[in-house]
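Structure below is final23.tsv: TSV, C-alpha atoms.
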```tsv
chain	number	residue	atom	x	y	z
A	1	MET	CA	-45.00	-244.37	-31.87
A	2	PRO	CA	-47.98	-242.10	-32.55
A	3	ARG	CA	-49.27	-242.10	-36.11
A	4	SER	CA	-48.47	-238.39	-36.38
A	5	GLN	CA	-44.78	-239.21	-36.02
A	6	ARG	CA	-44.64	-241.89	-38.72
A	7	ASN	CA	-46.25	-240.26	-41.75
A	8	ASP	CA	-44.19	-241.12	-44.81
A	9	ASN	CA	-45.16	-238.60	-47.47
A	10	PHE	CA	-44.49	-234.88	-47.72
A	11	ILE	CA	-48.13	-233.80	-47.58
A	12	ASP	CA	-48.87	-235.86	-44.46
A	13	LYS	CA	-45.71	-234.61	-42.77
A	14	THR	CA	-46.54	-231.01	-43.65
A	15	PHE	CA	-50.10	-231.37	-42.38
A	16	THR	CA	-48.88	-232.98	-39.19
A	17	VAL	CA	-46.34	-230.22	-38.50
A	18	MET	CA	-48.94	-227.52	-39.14
A	19	ALA	CA	-51.56	-229.30	-37.03
A	20	ASP	CA	-49.07	-229.71	-34.19
A	21	MET	CA	-48.17	-225.99	-34.34
A	22	ILE	CA	-51.82	-224.97	-34.30
A	23	LEU	CA	-52.51	-227.40	-31.48
A	24	LYS	CA	-49.71	-225.93	-29.37
A	25	MET	CA	-50.94	-222.38	-29.95
A	26	MET	CA	-54.61	-223.11	-29.32
A	27	PRO	CA	-55.91	-221.35	-26.21
A	28	THR	CA	-57.36	-224.50	-24.70
A	29	ASN	CA	-56.54	-226.90	-21.93
A	30	LYS	CA	-54.15	-229.84	-22.15
A	31	THR	CA	-56.93	-232.45	-22.10
A	32	ALA	CA	-58.70	-230.89	-25.10
A	33	LYS	CA	-55.42	-230.77	-27.01
A	34	GLU	CA	-54.75	-234.41	-26.21
A	35	ALA	CA	-58.27	-235.35	-27.33
A	36	PHE	CA	-57.69	-233.55	-30.62
A	37	ALA	CA	-54.38	-235.36	-31.14
A	38	TYR	CA	-56.15	-238.72	-30.73
A	39	TYR	CA	-58.91	-237.57	-33.09
A	40	ARG	CA	-56.36	-236.43	-35.69
A	41	ASP	CA	-54.50	-239.75	-35.44
A	42	GLY	CA	-57.83	-241.58	-35.75
A	43	MET	CA	-58.69	-239.71	-38.93
A	44	SER	CA	-55.27	-240.47	-40.38
A	45	ALA	CA	-55.59	-244.17	-39.55
A	46	GLN	CA	-59.12	-244.26	-40.95
A	47	ALA	CA	-57.95	-242.66	-44.20
A	48	ASP	CA	-55.33	-245.41	-44.48
A	49	GLY	CA	-57.93	-248.13	-43.90
A	50	GLU	CA	-56.49	-248.96	-40.48
A	51	TYR	CA	-59.89	-249.18	-38.80
A	52	ALA	CA	-58.85	-250.92	-35.59
A	53	GLU	CA	-56.20	-248.26	-34.97
A	54	ALA	CA	-58.67	-245.50	-35.87
A	55	MET	CA	-61.26	-246.88	-33.44
A	56	ALA	CA	-58.69	-247.10	-30.64
A	57	ASN	CA	-57.77	-243.45	-31.21
A	58	TYR	CA	-61.40	-242.36	-31.38
A	59	GLU	CA	-62.19	-244.20	-28.14
A	60	GLU	CA	-59.31	-242.39	-26.43
A	61	ALA	CA	-60.52	-239.08	-27.87
A	62	LEU	CA	-64.01	-239.72	-26.48
A	63	LYS	CA	-62.60	-240.40	-23.01
A	64	LEU	CA	-60.95	-236.97	-23.05
A	65	GLU	CA	-63.22	-234.77	-25.16
A	66	GLU	CA	-65.79	-232.79	-23.21
A	67	ASN	CA	-67.10	-230.50	-25.94
A	68	PRO	CA	-70.37	-231.97	-27.31
A	69	TYR	CA	-69.79	-230.50	-30.78
A	70	ASP	CA	-66.33	-232.08	-31.04
A	71	ARG	CA	-67.61	-235.37	-29.59
A	72	SER	CA	-70.23	-235.49	-32.36
A	73	PHE	CA	-67.54	-235.68	-35.04
A	74	VAL	CA	-65.66	-238.43	-33.21
A	75	LEU	CA	-68.89	-240.43	-32.93
A	76	TYR	CA	-69.74	-239.73	-36.58
A	77	ASN	CA	-66.38	-241.11	-37.72
A	78	MET	CA	-66.85	-244.17	-35.53
A	79	GLY	CA	-70.22	-244.66	-37.22
A	80	LEU	CA	-68.51	-244.53	-40.62
A	81	ILE	CA	-66.18	-247.34	-39.60
A	82	PHE	CA	-68.98	-249.51	-38.22
A	83	ALA	CA	-71.03	-248.94	-41.39
A	84	SER	CA	-68.11	-249.77	-43.66
A	85	ASN	CA	-67.64	-253.01	-41.74
A	86	GLY	CA	-71.34	-253.89	-42.12
A	87	ASP	CA	-72.25	-253.40	-38.45
A	88	HIS	CA	-75.34	-251.31	-39.12
A	89	ASP	CA	-76.70	-251.47	-35.58
A	90	LYS	CA	-73.50	-250.04	-34.10
A	91	ALA	CA	-73.28	-247.47	-36.90
A	92	LEU	CA	-76.83	-246.31	-36.22
A	93	GLU	CA	-76.03	-246.10	-32.51
A	94	GLN	CA	-73.00	-243.88	-33.16
A	95	TYR	CA	-74.82	-241.65	-35.65
A	96	HIS	CA	-77.77	-241.16	-33.28
A	97	GLU	CA	-75.43	-240.29	-30.43
A	98	ALA	CA	-73.57	-237.85	-32.70
A	99	ILE	CA	-76.88	-236.14	-33.51
A	100	GLU	CA	-77.73	-235.92	-29.80
A	101	HIS	CA	-74.52	-233.94	-29.30
A	102	ASN	CA	-74.89	-231.93	-32.52
A	103	PRO	CA	-78.35	-231.81	-34.12
A	104	ARG	CA	-76.91	-229.88	-37.11
A	105	LEU	CA	-75.02	-232.81	-38.57
A	106	PRO	CA	-76.79	-233.54	-41.88
A	107	GLN	CA	-74.18	-236.09	-42.94
A	108	ALA	CA	-75.11	-238.27	-39.95
A	109	LEU	CA	-78.80	-237.91	-40.82
A	110	ASN	CA	-78.00	-238.90	-44.40
A	111	ASN	CA	-76.02	-241.94	-43.32
A	112	ILE	CA	-78.84	-243.09	-41.04
A	113	ALA	CA	-81.20	-242.79	-44.01
A	114	VAL	CA	-78.81	-244.75	-46.23
A	115	ILE	CA	-78.70	-247.60	-43.71
A	116	TYR	CA	-82.50	-247.67	-43.37
A	117	HIS	CA	-82.84	-247.64	-47.15
A	118	TYR	CA	-80.38	-250.53	-47.43
A	119	LEU	CA	-82.29	-252.48	-44.78
A	120	GLY	CA	-85.51	-251.76	-46.67
A	121	GLU	CA	-84.02	-253.10	-49.89
A	122	ARG	CA	-82.84	-256.22	-48.10
A	123	ALA	CA	-86.29	-256.80	-46.56
A	124	GLN	CA	-87.90	-256.29	-49.96
A	125	VAL	CA	-85.63	-258.90	-51.56
A	126	GLU	CA	-86.63	-261.29	-48.78
A	127	GLY	CA	-90.29	-260.64	-49.61
A	128	ASP	CA	-91.11	-258.78	-46.38
A	129	THR	CA	-92.93	-255.79	-47.87
A	130	ALA	CA	-94.24	-254.45	-44.55
A	131	THR	CA	-90.78	-254.33	-42.99
A	132	ALA	CA	-89.34	-252.85	-46.19
A	133	ASP	CA	-91.95	-250.08	-46.18
A	134	SER	CA	-91.20	-249.34	-42.53
A	135	TYR	CA	-87.49	-249.01	-43.25
A	136	TYR	CA	-88.18	-246.89	-46.33
A	137	ASP	CA	-90.39	-244.57	-44.25
A	138	GLN	CA	-87.59	-244.20	-41.70
A	139	ALA	CA	-85.13	-243.47	-44.49
A	140	ALA	CA	-87.49	-240.81	-45.84
A	141	GLU	CA	-87.78	-239.16	-42.42
A	142	TYR	CA	-84.01	-238.88	-41.99
A	143	TRP	CA	-83.39	-237.77	-45.57
A	144	GLN	CA	-85.98	-235.02	-45.17
A	145	ARG	CA	-84.24	-233.82	-42.01
A	146	ALA	CA	-80.84	-233.89	-43.77
A	147	ILE	CA	-82.21	-232.03	-46.79
A	148	ARG	CA	-83.78	-229.33	-44.59
A	149	GLN	CA	-80.33	-228.70	-43.10
A	150	ALA	CA	-78.42	-228.93	-46.39
A	151	PRO	CA	-80.92	-228.20	-49.18
A	152	ASN	CA	-78.40	-228.31	-52.02
A	153	ASN	CA	-77.09	-231.73	-51.04
A	154	TYR	CA	-78.50	-235.22	-51.33
A	155	ILE	CA	-80.03	-234.77	-54.78
A	156	GLU	CA	-80.43	-238.52	-55.27
A	157	ALA	CA	-82.32	-238.71	-51.98
A	158	GLN	CA	-84.54	-235.84	-53.08
A	159	ASN	CA	-85.31	-237.68	-56.32
A	160	TRP	CA	-86.02	-240.91	-54.43
A	161	LEU	CA	-88.38	-239.08	-52.07
A	162	LYS	CA	-90.25	-237.61	-55.03
A	163	THR	CA	-90.44	-240.79	-57.11
A	164	THR	CA	-91.63	-242.89	-54.16
A	165	GLY	CA	-94.22	-240.33	-53.06
A	166	ARG	CA	-92.51	-239.86	-49.70
A	167	SER	CA	-91.63	-236.20	-50.31
A	168	LYS	CA	-93.44	-233.73	-48.09
A	169	ALA	CA	-92.30	-230.78	-50.21
A	170	ASP	CA	-92.03	-230.23	-53.94
A	171	ILE	CA	-88.88	-228.15	-53.65
A	172	PHE	CA	-86.29	-228.39	-50.89
A	173	PHE	CA	-84.03	-225.54	-51.97
```
Show me this structure written as C-alpha cells.
Amino acid sequence: MPRSQRNDNFIDKTFTVMADMILKMMPTNKTAKEAFAYYRDGMSAQADGEYAEAMANYEEALKLEENPYDRSFVLYNMGLIFASNGDHDKALEQYHEAIEHNPRLPQALNNIAVIYHYLGERAQVEGDTATADSYYDQAAEYWQRAIRQAPNNYIEAQNWLKTTGRSKADIFF
C-alpha cells in the first residue's frame, strides 16, 4: 500500500487528499504526476525516519522525472539521507548532481560546505593540518557561493568565514 494511503493523523490525511487533488488537476503528463507521487511518498517516509523506504521512492521518482529542476530536489533529499547516515561521499555526490541540475540551490551548497568543514575538523583532530586546511578552503568556497545566493542565511558560516580570514567580502547582505 502506498504511504499516501496509510497516513494515520488528520494533518497527514488532509495534506495527502489536497496533494492528490492538485496532482489530478495539474496540466502535466501521467509520468510527471507519477514521479511527483513517488517524491511525495519519499518525503513522507523521510520525515518519519524511514530512510530505506524514502530512498526507494526517490529512486523511482528519478527514473520517471525528466524536469531538471524537480530532479534537483529529489537528489538533494537523497543527499540528506546519505549525510544523516554518515555516508559523506554519497551525500556529496548527490548534492553535486543536484547543483548540476539546479545551480540556484543554496541549501545544497551549504550542505556540501558543512561536510567539508566536518572533514576538516576530523583531519585536524588527527593532526593532518594540510588536509584540514584543504577541506576548510573547500568549505569556504561553497559557503561563499551559498551566501551569494541567500545573503540573509547562513549567519554562522558568515561568522566562520570572517573569523578564519576566509571571507572574500566584509558584508554579504
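With only C-alpha atoms as the atoms that count, the minimum distance from Ala32 in chain A to the choices A:Ala61, A:Ala45, A:Ala54, A:Ala130 is reached by A:Ala61.
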Atom-to-atom span, CA of Phe73 in chain A and CA of Pro103 in chain A, Å: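 According to the coordinates, CA of Phe73 in chain A and CA of Pro103 in chain A are separated by 11.5 Å.
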Can you list every residue of range 14-119 of chain A that has an atom at most 7 Å from range 134-137 of chain A, with its nearest atom pair and the distance in Å to one decimal, using all atoms listed in the file, ordered by chain then number, as JSON lines?
```
{"residue": "A:Tyr116", "atom": "CA", "partner": "A:Tyr135", "partner_atom": "CA", "distance": 5.2}
{"residue": "A:His117", "atom": "CA", "partner": "A:Tyr136", "partner_atom": "CA", "distance": 5.5}
{"residue": "A:Leu119", "atom": "CA", "partner": "A:Tyr135", "partner_atom": "CA", "distance": 6.4}
```
So how far away is CA of Met55 in chain A from CA of Asp41 in chain A, in Å?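 Rounded to one decimal, the two atoms are 10.0 Å apart.
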For CA of Leu62 in chain A and CA of His96 in chain A, the interatomic separation in Å (one decimal):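 Computed distance, CA of Leu62 in chain A to CA of His96 in chain A, equals 15.4 Å.
Closest approach to Tyr38 in chain A from the set A:Met78, A:Ala150, A:Ala56, A:Ile112 is made by A:Ala56, with distances taken over all atoms listed in the file.
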If you count all atoms listed in the file, which residues fall within 12 Å of Asn67 in chain A, apart from same-chain ones fewer than 6 positions away, as an MDAnalysis selection string? chainID A and resid 28:29 31:33 35:36 61 73:74 98 101:102
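For range 83-87 of chain A, the non-local neighbours within 12 Å, defined as residues at least 3 positions apart in the same chain or in other chains and counting only C-alpha atoms, are Gln46, Gly49, Glu50, Tyr51, Ala52, Tyr76, Asn77, Met78, Gly79, Leu80, Lys90, Ala91, Leu92, Glu93, Gln94, Tyr95, Ala108, Asn111, Ile112, Val114, Ile115, Tyr116, Tyr118 and Leu119 of chain A.
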Which residues, written as a PyMOL selection string, have at least one atom at most 10 Å from Arg104 in chain A, with all atoms listed in the file counted and residues fewer than 6 positions away on the same chain left out? chain A and resi 69+72+98+145-146+149-150
Given only C-alpha atoms as the counted atoms, nearest of A:Glu97, A:Gly127, A:Lys168, A:Thr163 to Gln144 in chain A: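 Counting only C-alpha atoms, the residue closest to Gln144 in chain A is A:Lys168.
With distances taken over all atoms listed in the file, A:Ala139 is the one residue among A:Asn159, A:Gly165, A:Ala139, A:Tyr58 lying closest to Glu121 in chain A.
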Near Gln158 in chain A, counting only C-alpha atoms, which residues have an atom at most 8 Å away, once you skip same-chain residues fewer than 3 positions from it, shown as a PyMOL selection string? chain A and resi 143+147+154-155+161-162+167+172
From the list A:Tyr39, A:Phe82, A:Tyr142, A:Trp160, which residue is nearest Ile99 in chain A when using all atoms listed in the file?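 Result for the nearest residue to Ile99 in chain A: A:Tyr142.
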